[in-house]
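Participant: Provided herewith: target-v4.txt, compact mmCIF, C-alpha atoms and all ligand atoms.
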```txt
# COMPACT_ATOMS: atom_id res chain seq x y z
CA MET A 1 34.14 -41.31 43.11
CA ASN A 2 32.54 -44.41 44.45
CA ILE A 3 35.03 -47.22 44.06
CA LYS A 4 35.35 -50.69 45.52
CA THR A 5 38.00 -50.86 48.24
CA LEU A 6 39.37 -53.19 50.90
CA ASP A 7 36.31 -52.27 52.97
CA ASP A 8 34.13 -54.17 50.52
CA ILE A 9 35.81 -57.56 50.80
CA GLU A 10 36.41 -60.29 53.35
CA VAL A 11 40.04 -61.41 53.24
CA SER A 12 40.61 -63.56 56.32
CA SER A 13 42.34 -66.82 55.24
CA LYS A 14 41.74 -65.86 51.60
CA VAL A 15 44.42 -65.66 48.94
CA VAL A 16 44.69 -62.01 47.89
CA LEU A 17 46.60 -61.13 44.72
CA VAL A 18 47.94 -57.58 44.96
CA ARG A 19 49.02 -55.69 41.81
CA LEU A 20 51.79 -53.27 42.73
CA ASP A 21 54.20 -51.21 40.71
CA LEU A 22 57.58 -52.54 41.81
CA ASN A 23 59.26 -51.02 38.78
CA VAL A 24 61.76 -49.20 41.00
CA PRO A 25 65.13 -47.83 39.89
CA LEU A 26 67.89 -50.37 40.43
CA VAL A 27 71.62 -49.59 40.36
CA GLU A 28 74.02 -52.53 40.66
CA GLY A 29 71.29 -54.69 42.18
CA LYS A 30 70.31 -52.09 44.78
CA VAL A 31 67.01 -50.15 44.90
CA THR A 32 67.92 -46.45 44.79
CA ASP A 33 64.42 -45.03 45.32
CA SER A 34 61.82 -47.12 47.15
CA THR A 35 58.92 -44.62 46.91
CA ARG A 36 56.81 -47.01 44.87
CA ILE A 37 57.33 -49.82 47.37
CA ASP A 38 56.75 -47.60 50.40
CA ARG A 39 53.37 -46.35 49.24
CA SER A 40 51.81 -49.81 49.26
CA ILE A 41 53.09 -50.85 52.69
CA HIS A 42 49.79 -49.84 54.34
CA THR A 43 47.79 -52.06 52.04
CA ILE A 44 50.02 -55.07 52.63
CA LYS A 45 50.10 -54.54 56.42
CA GLU A 46 46.33 -54.22 56.56
CA LEU A 47 45.89 -57.45 54.60
CA GLN A 48 48.33 -59.16 56.94
CA GLN A 49 46.50 -57.96 60.03
CA LYS A 50 43.27 -59.24 58.56
CA GLY A 51 44.82 -62.69 58.11
CA ALA A 52 45.05 -62.81 54.31
CA LYS A 53 47.50 -64.93 52.36
CA ILE A 54 49.21 -62.25 50.30
CA VAL A 55 50.54 -62.76 46.79
CA LEU A 56 52.28 -59.74 45.27
CA MET A 57 52.60 -59.25 41.51
CA SER A 58 54.24 -56.57 39.36
CA HIS A 59 56.04 -55.91 36.10
CA PHE A 60 59.67 -54.83 36.05
CA GLY A 61 61.25 -53.09 33.08
CA ARG A 62 60.28 -53.98 29.52
CA PRO A 63 61.36 -57.58 28.89
CA LYS A 64 60.10 -59.34 25.75
CA GLN A 65 60.59 -62.75 27.41
CA ALA A 66 62.13 -64.17 30.60
CA ASP A 67 65.28 -62.15 31.33
CA LYS A 68 67.25 -62.76 34.54
CA SER A 69 68.49 -59.17 34.66
CA LEU A 70 64.86 -58.09 35.09
CA SER A 71 63.92 -60.64 37.75
CA LEU A 72 61.85 -59.35 40.63
CA ALA A 73 63.96 -61.56 42.92
CA GLN A 74 66.25 -58.52 43.12
CA ILE A 75 63.54 -56.51 44.86
CA VAL A 76 62.94 -59.03 47.65
CA PRO A 77 65.55 -57.60 50.11
CA CYS A 78 64.12 -54.09 49.76
CA LEU A 79 60.54 -55.37 50.16
CA GLN A 80 61.49 -57.34 53.28
CA GLU A 81 63.14 -54.30 54.78
CA ALA A 82 60.17 -52.04 54.02
CA LEU A 83 57.70 -54.57 55.40
CA ASP A 84 59.90 -55.75 58.25
CA HIS A 85 58.70 -59.24 57.36
CA SER A 86 59.96 -62.16 55.29
CA VAL A 87 58.88 -62.32 51.66
CA LYS A 88 58.91 -65.61 49.73
CA PHE A 89 59.64 -65.63 46.02
CA VAL A 90 58.62 -67.96 43.21
CA GLU A 91 60.34 -68.05 39.83
CA ASP A 92 57.26 -67.63 37.66
CA CYS A 93 53.87 -65.95 37.94
CA ILE A 94 51.62 -68.75 36.62
CA GLY A 95 51.78 -72.54 36.52
CA GLU A 96 52.05 -75.56 38.84
CA GLN A 97 55.14 -74.37 40.71
CA VAL A 98 53.37 -71.10 41.54
CA LYS A 99 50.17 -72.88 42.59
CA ALA A 100 52.20 -75.08 44.94
CA ALA A 101 53.90 -72.02 46.48
CA VAL A 102 50.51 -70.36 47.02
CA ASP A 103 49.09 -73.55 48.58
CA GLU A 104 51.86 -73.50 51.17
CA LEU A 105 51.02 -69.98 52.37
CA LYS A 106 49.70 -69.50 55.89
CA ASP A 107 47.57 -66.54 56.97
CA GLY A 108 49.73 -63.40 56.96
CA ASP A 109 52.44 -64.88 54.71
CA ILE A 110 53.71 -62.86 51.75
CA LEU A 111 54.77 -64.31 48.40
CA LEU A 112 56.16 -62.33 45.47
CA LEU A 113 55.64 -63.66 41.94
CA GLU A 114 58.20 -63.30 39.14
CA ASN A 115 57.95 -60.40 36.65
CA LEU A 116 54.55 -60.52 34.91
CA ARG A 117 56.07 -59.32 31.63
CA PHE A 118 58.09 -62.51 31.24
CA HIS A 119 54.81 -63.66 29.63
CA SER A 120 53.58 -61.75 26.58
CA GLY A 121 50.01 -62.44 27.77
CA GLU A 122 50.42 -59.70 30.39
CA GLN A 123 50.72 -56.75 28.01
CA ASN A 124 48.46 -58.35 25.39
CA ASN A 125 45.77 -58.68 28.03
CA ASP A 126 45.46 -62.33 27.03
CA ALA A 127 42.37 -63.92 28.57
CA ASP A 128 44.02 -67.30 29.22
CA PHE A 129 46.94 -65.64 31.01
CA ALA A 130 44.55 -63.48 33.06
CA GLN A 131 42.57 -66.59 33.99
CA GLU A 132 45.76 -68.42 35.06
CA LEU A 133 46.67 -65.50 37.31
CA ALA A 134 43.16 -65.31 38.70
CA SER A 135 43.14 -69.05 39.45
CA LEU A 136 45.81 -68.42 42.11
CA ALA A 137 43.60 -66.24 44.30
CA ASP A 138 40.16 -65.41 45.65
CA VAL A 139 40.34 -61.68 45.05
CA CYS A 140 42.58 -59.10 43.37
CA VAL A 141 43.67 -55.78 44.89
CA GLN A 142 44.93 -53.02 42.56
CA ASP A 143 47.30 -50.66 44.31
CA ALA A 144 49.18 -48.60 41.71
CA LEU A 145 47.82 -45.62 39.82
CA SER A 146 50.97 -45.68 37.66
CA VAL A 147 49.69 -48.78 35.84
CA ALA A 148 45.96 -47.94 35.94
CA HIS A 149 46.04 -46.50 32.40
CA ARG A 150 47.14 -49.82 30.92
CA ALA A 151 44.55 -52.48 30.13
CA HIS A 152 46.89 -55.41 30.80
CA ALA A 153 46.00 -58.87 32.11
CA SER A 154 46.96 -58.05 35.72
CA THR A 155 45.38 -54.57 35.75
CA TYR A 156 42.28 -55.23 33.68
CA GLY A 157 41.64 -58.71 32.23
CA ILE A 158 41.78 -60.42 35.60
CA ASN A 159 38.59 -58.64 36.65
CA GLN A 160 36.66 -61.04 34.41
CA PHE A 161 37.58 -63.94 36.66
CA ILE A 162 37.87 -62.72 40.25
CA PRO A 163 36.55 -59.66 42.12
CA MET A 164 38.83 -56.62 41.99
CA VAL A 165 39.08 -53.76 44.52
CA ALA A 166 41.40 -50.79 45.12
CA GLY A 167 44.11 -50.98 47.78
CA ARG A 168 44.73 -48.09 50.17
CA ALA A 169 47.44 -46.42 48.06
CA LEU A 170 45.30 -46.39 44.92
CA GLU A 171 42.27 -45.28 46.92
CA LYS A 172 44.27 -42.31 48.21
CA GLU A 173 45.54 -41.42 44.75
CA ILE A 174 42.05 -41.53 43.25
CA SER A 175 40.61 -39.29 45.94
CA ALA A 176 43.46 -36.79 45.44
CA LEU A 177 42.76 -36.71 41.71
CA GLU A 178 39.10 -36.17 42.48
CA ILE A 179 39.83 -33.24 44.79
CA GLY A 180 42.09 -31.79 42.10
CA LEU A 181 39.93 -31.97 39.02
CA GLU A 182 36.70 -33.95 39.30
CA ASN A 183 35.21 -32.05 42.16
CA PRO A 184 37.57 -29.20 43.10
CA GLU A 185 36.98 -26.08 45.09
CA HIS A 186 36.95 -23.08 42.73
CA PRO A 187 38.71 -20.95 41.63
CA VAL A 188 40.92 -23.64 40.11
CA VAL A 189 44.21 -22.62 38.52
CA ALA A 190 46.19 -25.01 36.33
CA ILE A 191 49.86 -24.39 35.67
CA VAL A 192 51.25 -26.14 32.64
CA GLY A 193 54.84 -25.93 31.48
CA GLY A 194 57.40 -28.16 29.86
CA ALA A 195 59.12 -28.26 26.54
CA LYS A 196 56.43 -28.92 23.96
CA VAL A 197 52.81 -28.04 23.24
CA SER A 198 52.59 -31.03 20.89
CA THR A 199 52.85 -33.55 23.75
CA LYS A 200 50.19 -31.78 25.78
CA ILE A 201 47.48 -30.75 23.32
CA ASP A 202 44.79 -33.03 24.82
CA LEU A 203 45.75 -31.97 28.30
CA LEU A 204 45.49 -28.25 27.49
CA LYS A 205 42.19 -28.70 25.66
CA ASN A 206 40.68 -30.59 28.59
CA LEU A 207 41.98 -28.20 31.23
CA VAL A 208 40.64 -25.03 29.61
CA THR A 209 37.12 -26.44 29.84
CA LYS A 210 37.49 -27.27 33.55
CA VAL A 211 39.64 -24.64 35.25
CA ASP A 212 39.17 -20.92 35.85
CA ALA A 213 42.68 -19.90 34.85
CA LEU A 214 45.47 -21.61 32.95
CA VAL A 215 49.03 -20.43 33.44
CA ILE A 216 51.28 -21.45 30.55
CA GLY A 217 55.04 -21.41 31.14
CA GLY A 218 58.16 -23.23 30.05
CA ALA A 219 59.14 -23.52 26.42
CA MET A 220 55.54 -24.29 25.48
CA ALA A 221 54.68 -20.68 26.31
CA ASN A 222 57.07 -19.61 23.53
CA SER A 223 54.83 -21.16 20.89
CA PHE A 224 51.77 -19.42 22.32
CA LEU A 225 53.62 -16.09 22.37
CA LEU A 226 54.79 -16.66 18.80
CA ALA A 227 51.18 -17.31 17.80
CA GLN A 228 50.33 -13.92 19.34
CA GLY A 229 52.88 -12.27 17.09
CA PHE A 230 55.83 -11.91 19.47
CA ASN A 231 59.36 -12.52 18.21
CA MET A 232 60.92 -15.44 20.12
CA GLY A 233 64.51 -15.10 18.87
CA LYS A 234 66.29 -18.46 19.13
CA SER A 235 63.93 -19.83 21.79
CA LEU A 236 62.59 -23.36 21.48
CA VAL A 237 59.35 -23.07 19.47
CA GLU A 238 57.14 -25.41 17.46
CA GLU A 239 56.23 -23.49 14.30
CA ASP A 240 53.67 -26.07 13.17
CA ILE A 241 51.74 -25.88 16.42
CA LEU A 242 50.60 -22.27 15.98
CA PRO A 243 47.09 -23.14 14.69
CA THR A 244 46.68 -25.48 17.66
CA ALA A 245 47.82 -22.75 20.05
CA ASN A 246 45.23 -20.41 18.57
CA GLU A 247 42.56 -23.10 18.81
CA ILE A 248 43.35 -23.61 22.51
CA MET A 249 43.13 -19.83 23.09
CA GLU A 250 39.68 -19.82 21.44
CA LEU A 251 38.48 -22.82 23.46
CA ALA A 252 39.61 -21.05 26.62
CA GLN A 253 37.76 -17.90 25.71
CA LYS A 254 34.54 -19.84 25.07
CA ALA A 255 34.91 -21.68 28.37
CA ASN A 256 35.66 -18.49 30.30
CA CYS A 257 39.12 -19.68 31.25
CA ALA A 258 41.73 -16.95 31.62
CA ILE A 259 45.05 -17.73 29.92
CA ILE A 260 48.12 -16.33 31.61
CA LEU A 261 51.26 -16.16 29.47
CA PRO A 262 54.70 -14.87 30.50
CA ILE A 263 55.21 -11.10 30.29
CA ASP A 264 58.96 -11.24 30.80
CA ALA A 265 61.62 -13.91 30.46
CA VAL A 266 65.17 -14.76 31.44
CA VAL A 267 67.15 -14.91 28.21
CA ALA A 268 70.49 -16.64 27.65
CA TRP A 269 72.66 -17.14 24.60
CA HIS A 270 73.79 -20.69 25.39
CA PHE A 271 71.71 -23.65 26.54
CA GLU A 272 73.82 -24.47 29.58
CA ALA A 273 73.93 -24.03 33.36
CA ASN A 274 75.18 -20.64 34.55
CA ALA A 275 75.12 -19.20 31.01
CA PRO A 276 75.20 -15.37 31.07
CA HIS A 277 71.62 -14.14 31.06
CA GLN A 278 69.40 -11.09 31.20
CA THR A 279 65.69 -10.45 31.66
CA TYR A 280 63.61 -8.94 28.83
CA GLY A 281 59.95 -8.18 28.27
CA VAL A 282 58.45 -10.73 25.86
CA ASP A 283 57.93 -7.85 23.40
CA ALA A 284 61.64 -7.02 23.42
CA MET A 285 63.35 -10.36 22.89
CA PRO A 286 66.87 -10.17 21.41
CA GLU A 287 67.09 -11.93 18.02
CA ASP A 288 69.98 -14.15 19.05
CA GLY A 289 68.81 -15.09 22.58
CA MET A 290 66.59 -17.84 23.96
CA MET A 291 64.06 -17.74 26.79
CA LEU A 292 65.09 -20.25 29.43
CA ASP A 293 62.92 -19.14 32.34
CA ILE A 294 60.09 -16.84 33.30
CA GLY A 295 61.07 -13.42 34.66
CA ASP A 296 60.25 -11.70 37.97
CA LEU A 297 57.23 -9.82 36.63
CA THR A 298 55.75 -13.11 35.45
CA ILE A 299 56.49 -14.77 38.80
CA ALA A 300 54.66 -11.91 40.56
CA LYS A 301 51.73 -12.22 38.17
CA ILE A 302 51.47 -15.98 38.75
CA GLU A 303 51.66 -15.34 42.49
CA SER A 304 48.68 -13.00 42.30
CA VAL A 305 46.72 -15.62 40.35
CA ILE A 306 47.59 -18.29 42.91
CA GLU A 307 46.48 -15.97 45.71
CA GLN A 308 42.96 -16.04 44.25
CA ALA A 309 42.91 -19.82 43.90
CA LYS A 310 41.47 -22.52 46.14
CA THR A 311 42.89 -25.36 44.02
CA VAL A 312 46.11 -25.50 41.98
CA LEU A 313 47.02 -28.24 39.50
CA TRP A 314 50.55 -28.37 38.16
CA ASN A 315 52.27 -30.23 35.38
CA GLY A 316 55.49 -29.17 33.66
CA PRO A 317 58.39 -26.95 34.78
CA LEU A 318 58.24 -23.23 33.95
CA GLY A 319 61.79 -23.10 32.63
CA ALA A 320 64.82 -25.21 31.81
CA PHE A 321 65.00 -26.13 35.51
CA GLU A 322 67.80 -28.69 35.11
CA LEU A 323 70.14 -25.81 34.27
CA HIS A 324 70.62 -23.61 37.32
CA PRO A 325 69.85 -20.73 37.70
CA PHE A 326 67.11 -21.22 35.11
CA ASN A 327 65.17 -23.18 37.74
CA ARG A 328 64.41 -19.95 39.55
CA GLY A 329 60.88 -19.35 38.18
CA THR A 330 59.83 -22.95 38.79
CA VAL A 331 61.30 -22.97 42.31
CA SER A 332 59.72 -19.61 43.23
CA VAL A 333 56.26 -20.65 42.06
CA ALA A 334 56.62 -24.06 43.77
CA GLN A 335 57.48 -22.34 47.03
CA ILE A 336 54.53 -19.96 46.79
CA ILE A 337 52.19 -22.91 46.29
CA ALA A 338 53.86 -24.92 49.06
CA GLN A 339 53.52 -22.04 51.49
CA ARG A 340 49.85 -21.41 50.75
CA THR A 341 49.17 -25.14 50.98
CA GLU A 342 50.82 -25.22 54.41
CA GLN A 343 48.64 -22.29 55.45
CA ASN A 344 45.57 -24.30 54.42
CA LYS A 345 44.64 -21.70 51.83
CA LEU A 346 45.04 -24.06 48.93
CA ILE A 347 44.70 -27.62 47.72
CA SER A 348 47.67 -28.38 45.48
CA VAL A 349 48.01 -31.36 43.18
CA GLY A 350 51.06 -31.89 40.99
CA GLY A 351 52.48 -34.63 38.81
CA GLY A 352 54.69 -35.55 35.88
CA GLY A 353 58.21 -36.98 35.73
CA ASP A 354 60.11 -33.69 35.46
CA THR A 355 57.59 -31.88 37.64
CA VAL A 356 58.33 -34.25 40.51
CA SER A 357 62.10 -33.64 40.14
CA ALA A 358 61.53 -29.88 39.89
CA LEU A 359 59.41 -29.86 43.05
CA ASN A 360 62.04 -31.93 44.84
CA ASP A 361 64.62 -29.42 43.65
CA ALA A 362 62.45 -26.66 45.17
CA LYS A 363 62.09 -28.67 48.42
CA ALA A 364 58.35 -28.26 47.96
CA ALA A 365 57.39 -31.82 47.07
CA ASP A 366 56.23 -32.96 50.50
CA LYS A 367 54.34 -29.74 51.12
CA PHE A 368 51.96 -30.21 48.20
CA THR A 369 48.60 -31.70 49.17
CA TYR A 370 49.32 -34.44 46.70
CA LEU A 371 52.15 -35.13 44.31
CA SER A 372 51.56 -37.94 41.88
CA THR A 373 54.49 -40.06 40.77
CA ALA A 374 52.20 -41.98 38.42
CA GLY A 375 53.66 -40.35 35.27
CA GLY A 376 51.61 -41.34 32.21
CA ALA A 377 48.49 -42.23 34.19
CA PHE A 378 48.48 -38.79 35.85
CA LEU A 379 48.79 -37.08 32.46
CA GLU A 380 45.97 -39.18 30.97
CA TRP A 381 43.81 -38.22 33.89
CA LEU A 382 44.57 -34.52 33.25
CA GLU A 383 43.58 -35.18 29.64
CA GLY A 384 40.17 -36.24 30.91
CA LYS A 385 40.56 -39.85 29.80
CA SER A 386 39.02 -42.62 31.82
CA LEU A 387 41.68 -45.00 33.14
CA PRO A 388 40.86 -48.66 32.36
CA THR A 389 41.61 -50.07 35.82
CA ILE A 390 39.69 -47.31 37.58
CA SER A 391 36.68 -47.76 35.32
CA LEU A 392 36.48 -51.38 36.53
CA LEU A 393 36.71 -50.35 40.17
CA MET A 394 33.64 -48.11 40.03
CA LYS A 395 30.63 -49.23 42.02
CA ASN A 396 27.48 -49.18 39.93
P1 LIG Q 1 56.77 -33.49 32.90
O1 LIG Q 1 57.79 -34.60 32.76
O2 LIG Q 1 56.67 -33.04 34.35
O3 LIG Q 1 55.44 -33.82 32.29
P2 LIG Q 1 57.80 -32.12 30.56
O4 LIG Q 1 58.55 -33.35 30.18
O5 LIG Q 1 56.64 -31.74 29.74
O6 LIG Q 1 57.36 -32.21 32.12
O7 LIG Q 1 58.78 -30.84 30.51
C1 LIG Q 1 60.02 -30.78 31.13
C2 LIG Q 1 61.09 -30.27 30.21
O8 LIG Q 1 60.78 -28.99 29.68
C3 LIG Q 1 62.39 -30.09 30.98
O9 LIG Q 1 63.38 -30.90 30.38
C4 LIG Q 1 62.71 -28.61 30.82
O10 LIG Q 1 64.09 -28.34 30.68
C5 LIG Q 1 61.98 -28.24 29.56
N1 LIG Q 1 61.76 -26.79 29.50
C6 LIG Q 1 60.93 -26.05 30.23
N2 LIG Q 1 61.03 -24.75 29.91
C7 LIG Q 1 61.98 -24.65 28.94
C8 LIG Q 1 62.54 -23.56 28.19
N3 LIG Q 1 62.14 -22.31 28.39
N4 LIG Q 1 63.48 -23.85 27.25
C9 LIG Q 1 63.88 -25.13 27.06
N5 LIG Q 1 63.41 -26.18 27.73
C10 LIG Q 1 62.46 -25.97 28.67
MG MG Q 2 59.05 -35.20 31.10
```
Would you write the structure of this file as structure tokens?

Facilitator:
Amino acid sequence: MNIKTLDDIEVSSKVVLVRLDLNVPLVEGKVTDSTRIDRSIHTIKELQQKGAKIVLMSHFGRPKQADKSLSLAQIVPCLQEALDHSVKFVEDCIGEQVKAAVDELKDGDILLLENLRFHSGEQNNDADFAQELASLADVCVQDALSVAHRAHASTYGINQFIPMVAGRALEKEISALEIGLENPEHPVVAIVGGAKVSTKIDLLKNLVTKVDALVIGGAMANSFLLAQGFNMGKSLVEEDILPTANEIMELAQKANCAIILPIDAVVAWHFEANAPHQTYGVDAMPEDGMMLDIGDLTIAKIESVIEQAKTVLWNGPLGAFELHPFNRGTVSVAQIIAQRTEQNKLISVGGGGDTVSALNDAKAADKFTYLSTAGGAFLEWLEGKSLPTISLLMKN
């Protein structure tokens, strides 16, 4: 994908407005996970080295109006520590006070603006608000995939008024997504799990047209098995999704995409950690039991599919992984992928809120070629949708 990056702009002594995602988890005023901050450090350091005046902007939480408890001032200590540099703060994101703070910046200085969502114009993509933001700077750098699916003033509207390019973190994320789905090495295997088919219909429909094999696990596999006529006992199923499941199976067949469903499952009688359990073939499910994980035969089958693959995409745990030991299938498959990735036999791309926790649980997260923490934006990309911010960053 040919996108505009920091290589396409001159930033020395210019004011550069950088859109980050500083929406980090905060407990009692302390940042508990700084991943989102850490990934943009390179971009900020590079701008500093090039002598830019850096103005950082982000949303934080979901305020309807100004709300002190959601002030970005709380993030300043963590930012300063990550950057090993002082960070100034101004109590708004537009207006005279902000302009004055920007005017005072020297080359290499860093200023953080207050929460963009204190103004409704941010989420409404209001043109006047976007213009006010743009008036602060010469150029805008987008550096968070996690907000690239939202056409807000700071991620989209601002492009009307000043040039917009991708920062290094976003550039890296886009190229990983490209390697995973846009231009992957075949065979490509997608693994999709999670609780519900209904939340992933578009994703499944898009994937079957692009990948060579689709492994379906987690509770969503139950609905597919039910559609094939298997009895699912008390397992989580979506009765009304059966026509959709059949439609996806047909699409896959037309597109020459193999569908791999579980052949055995770990069954329990209570939905809780360490519940007594036993493995059954999917054709021999007990009436009163529920499938909480894939069984060993299924794990072995998935392993053999992965062994054929050059690229693996993953979204959604293969079982109720929060309840140990029903994380076993997810952990085993994660470790197989991690190992083959380490051996350079595979490109692996994963993403999704629970998928990231499951891969952390499996200690496989940092072994994947790329693990996206972008949440909704990652899922929309798997659905084949074009992300508003990225569409503006394309070179024509
Ligand atoms: P992601 O957040 O990565 O996109 P999802 O939210 O779609 O993933 O799915 C994760 C949820 O699916 C987890 O809460 C997990 O417990 C649930 N799940 C997976 N398999 C099962 C199962 N067999 N029975 C019940 N819940 C399941
Ligand atoms: Mg989830």

Participant: I'd like the interatomic distance between CA of Glu322 in chain A and CA of Pro262 in chain A, to a tenth of an Å.

Facilitator: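 Computed distance, CA of Glu322 in chain A to CA of Pro262 in chain A, equals 19.6 Å.
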
Participant: Do a neighbour search on range 343-359 of chain A at 10 Å with only C-alpha atoms, toss out local chain neighbours closer than 3 positions, and write the hits as a PyMOL selection string.

Facilitator: chain A and resi 176-177+179-181+184-185+188-194+306-322+327+330-331+333-335+337-340+362-379+382

Participant: Within 6 Å of (58.1, -25.9, 21.7), in the coordinates the file gives, what residues turn up when you count only C-alpha atoms, written out as a PyMOL selection string?

Facilitator: chain A and resi 195-197+219-220+223+236-238

Participant: Check the smallest atom-to-atom distance from each of A:Leu136, A:Leu226, A:Val165, A:Ile259 to Pro243 in chain A using all atoms listed in the file, then report the winner.

Facilitator: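 Using all atoms listed in the file, the shortest distance to Pro243 in chain A belongs to A:Leu226.
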
Participant: Show me as number ranges by chain the residues that reach within 9 Å of (55.7, -69.2, 31.4), counting all atoms listed in the file and using the file's own coordinates.

Facilitator: A: 66, 92-95, 118-119

Participant: Which of these residues is nearest to Asn274 in chain A, using only C-alpha atoms: A:Leu261, A:Ile294, A:Ile158, A:Leu323?

Facilitator: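 Of the candidates, the smallest distance to Asn274 in chain A is held by A:Leu323.
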
Participant: Find the spatial neighbours of Ser13 in chain A, counting all atoms listed in the file, within a cut-off of 7 Å - ignore same-chain residues fewer than 4 positions away - and output them as an mmCIF file with C-alpha atoms, in the frame of the given file.

Facilitator:
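Written file, part30.cif:
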```
data_model
loop_
_atom_site.group_PDB
_atom_site.id
_atom_site.type_symbol
_atom_site.label_atom_id
_atom_site.label_comp_id
_atom_site.auth_asym_id
_atom_site.auth_seq_id
_atom_site.Cartn_x
_atom_site.Cartn_y
_atom_site.Cartn_z
ATOM 1 C CA GLY A 51 44.820 -62.690 58.110
ATOM 2 C CA ALA A 52 45.050 -62.810 54.310
ATOM 3 C CA LYS A 53 47.500 -64.930 52.360
ATOM 4 C CA ASP A 107 47.570 -66.540 56.970
#
```

Participant: Grab the CA of Arg39 in chain A to CA of Val90 in chain A distance for me, in Å with one decimal place.

Facilitator: 23.0 Å

Participant: Have a look at A:Thr199, A:Asn2, A:Gln123, A:Ser40 and name the one nearest to ligand LIG 1 (chain Q); count all atoms listed in the file.

Facilitator: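 Selected residue with least distance to ligand LIG 1 (chain Q): A:Thr199.
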
Participant: Need to verify the contact set: Lys68 in chain A, 12 Å, only C-alpha atoms, exclusion of same-chain residues closer than 6 positions in sequence. Can you return it as a PDB file with C-alpha atoms, in the frame of the given file?

Facilitator:
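And here is the file that came out, part.pdb:
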```
ATOM      1  CA  GLY A  29      71.290 -54.690  42.180  1.00  0.00           C
ATOM      2  CA  PHE A  60      59.670 -54.830  36.050  1.00  0.00           C
ATOM      3  CA  GLY A  61      61.250 -53.090  33.080  1.00  0.00           C
ATOM      4  CA  GLN A  74      66.250 -58.520  43.120  1.00  0.00           C
ATOM      5  CA  GLU A  91      60.340 -68.050  39.830  1.00  0.00           C
ATOM      6  CA  ASP A  92      57.260 -67.630  37.660  1.00  0.00           C
ATOM      7  CA  GLU A 114      58.200 -63.300  39.140  1.00  0.00           C
ATOM      8  CA  ASN A 115      57.950 -60.400  36.650  1.00  0.00           C
ATOM      9  CA  PHE A 118      58.090 -62.510  31.240  1.00  0.00           C
TER      10      PHE A 118
END
```

Participant: Any idea what the distance is between CA of Ala130 in chain A and CA of Ala151 in chain A?

Facilitator: 11.4 Å

Participant: Which one is closest to ligand MG 2 (chain Q): A:Lys395, A:Lys200, A:Lys4, A:Lys99? Count all atoms listed in the file.

Facilitator: A:Lys200

Participant: At a cut-off of 8 Å, using only C-alpha atoms, what residues contact Arg36 in chain A? Leave out same-chain residues fewer than 2 positions from it and give the result as an MDAnalysis selection string.

Facilitator: chainID A and resid 21:24 33:34 38:40

Participant: Pick from A:Ile260, A:Leu251, A:Val208, A:Val76: nearest to Glu383 in chain A, with only C-alpha atoms counted?

Facilitator: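 Of the candidates, the smallest distance to Glu383 in chain A is held by A:Val208.
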
Participant: Pick out the residues sitting within 10 Å of His42 in chain A, and hand them over as a ChimeraX atom specification; count all atoms listed in the file, and ignore anything fewer than 6 positions along from it in its own chain.

Facilitator: /A:48,83,167-169
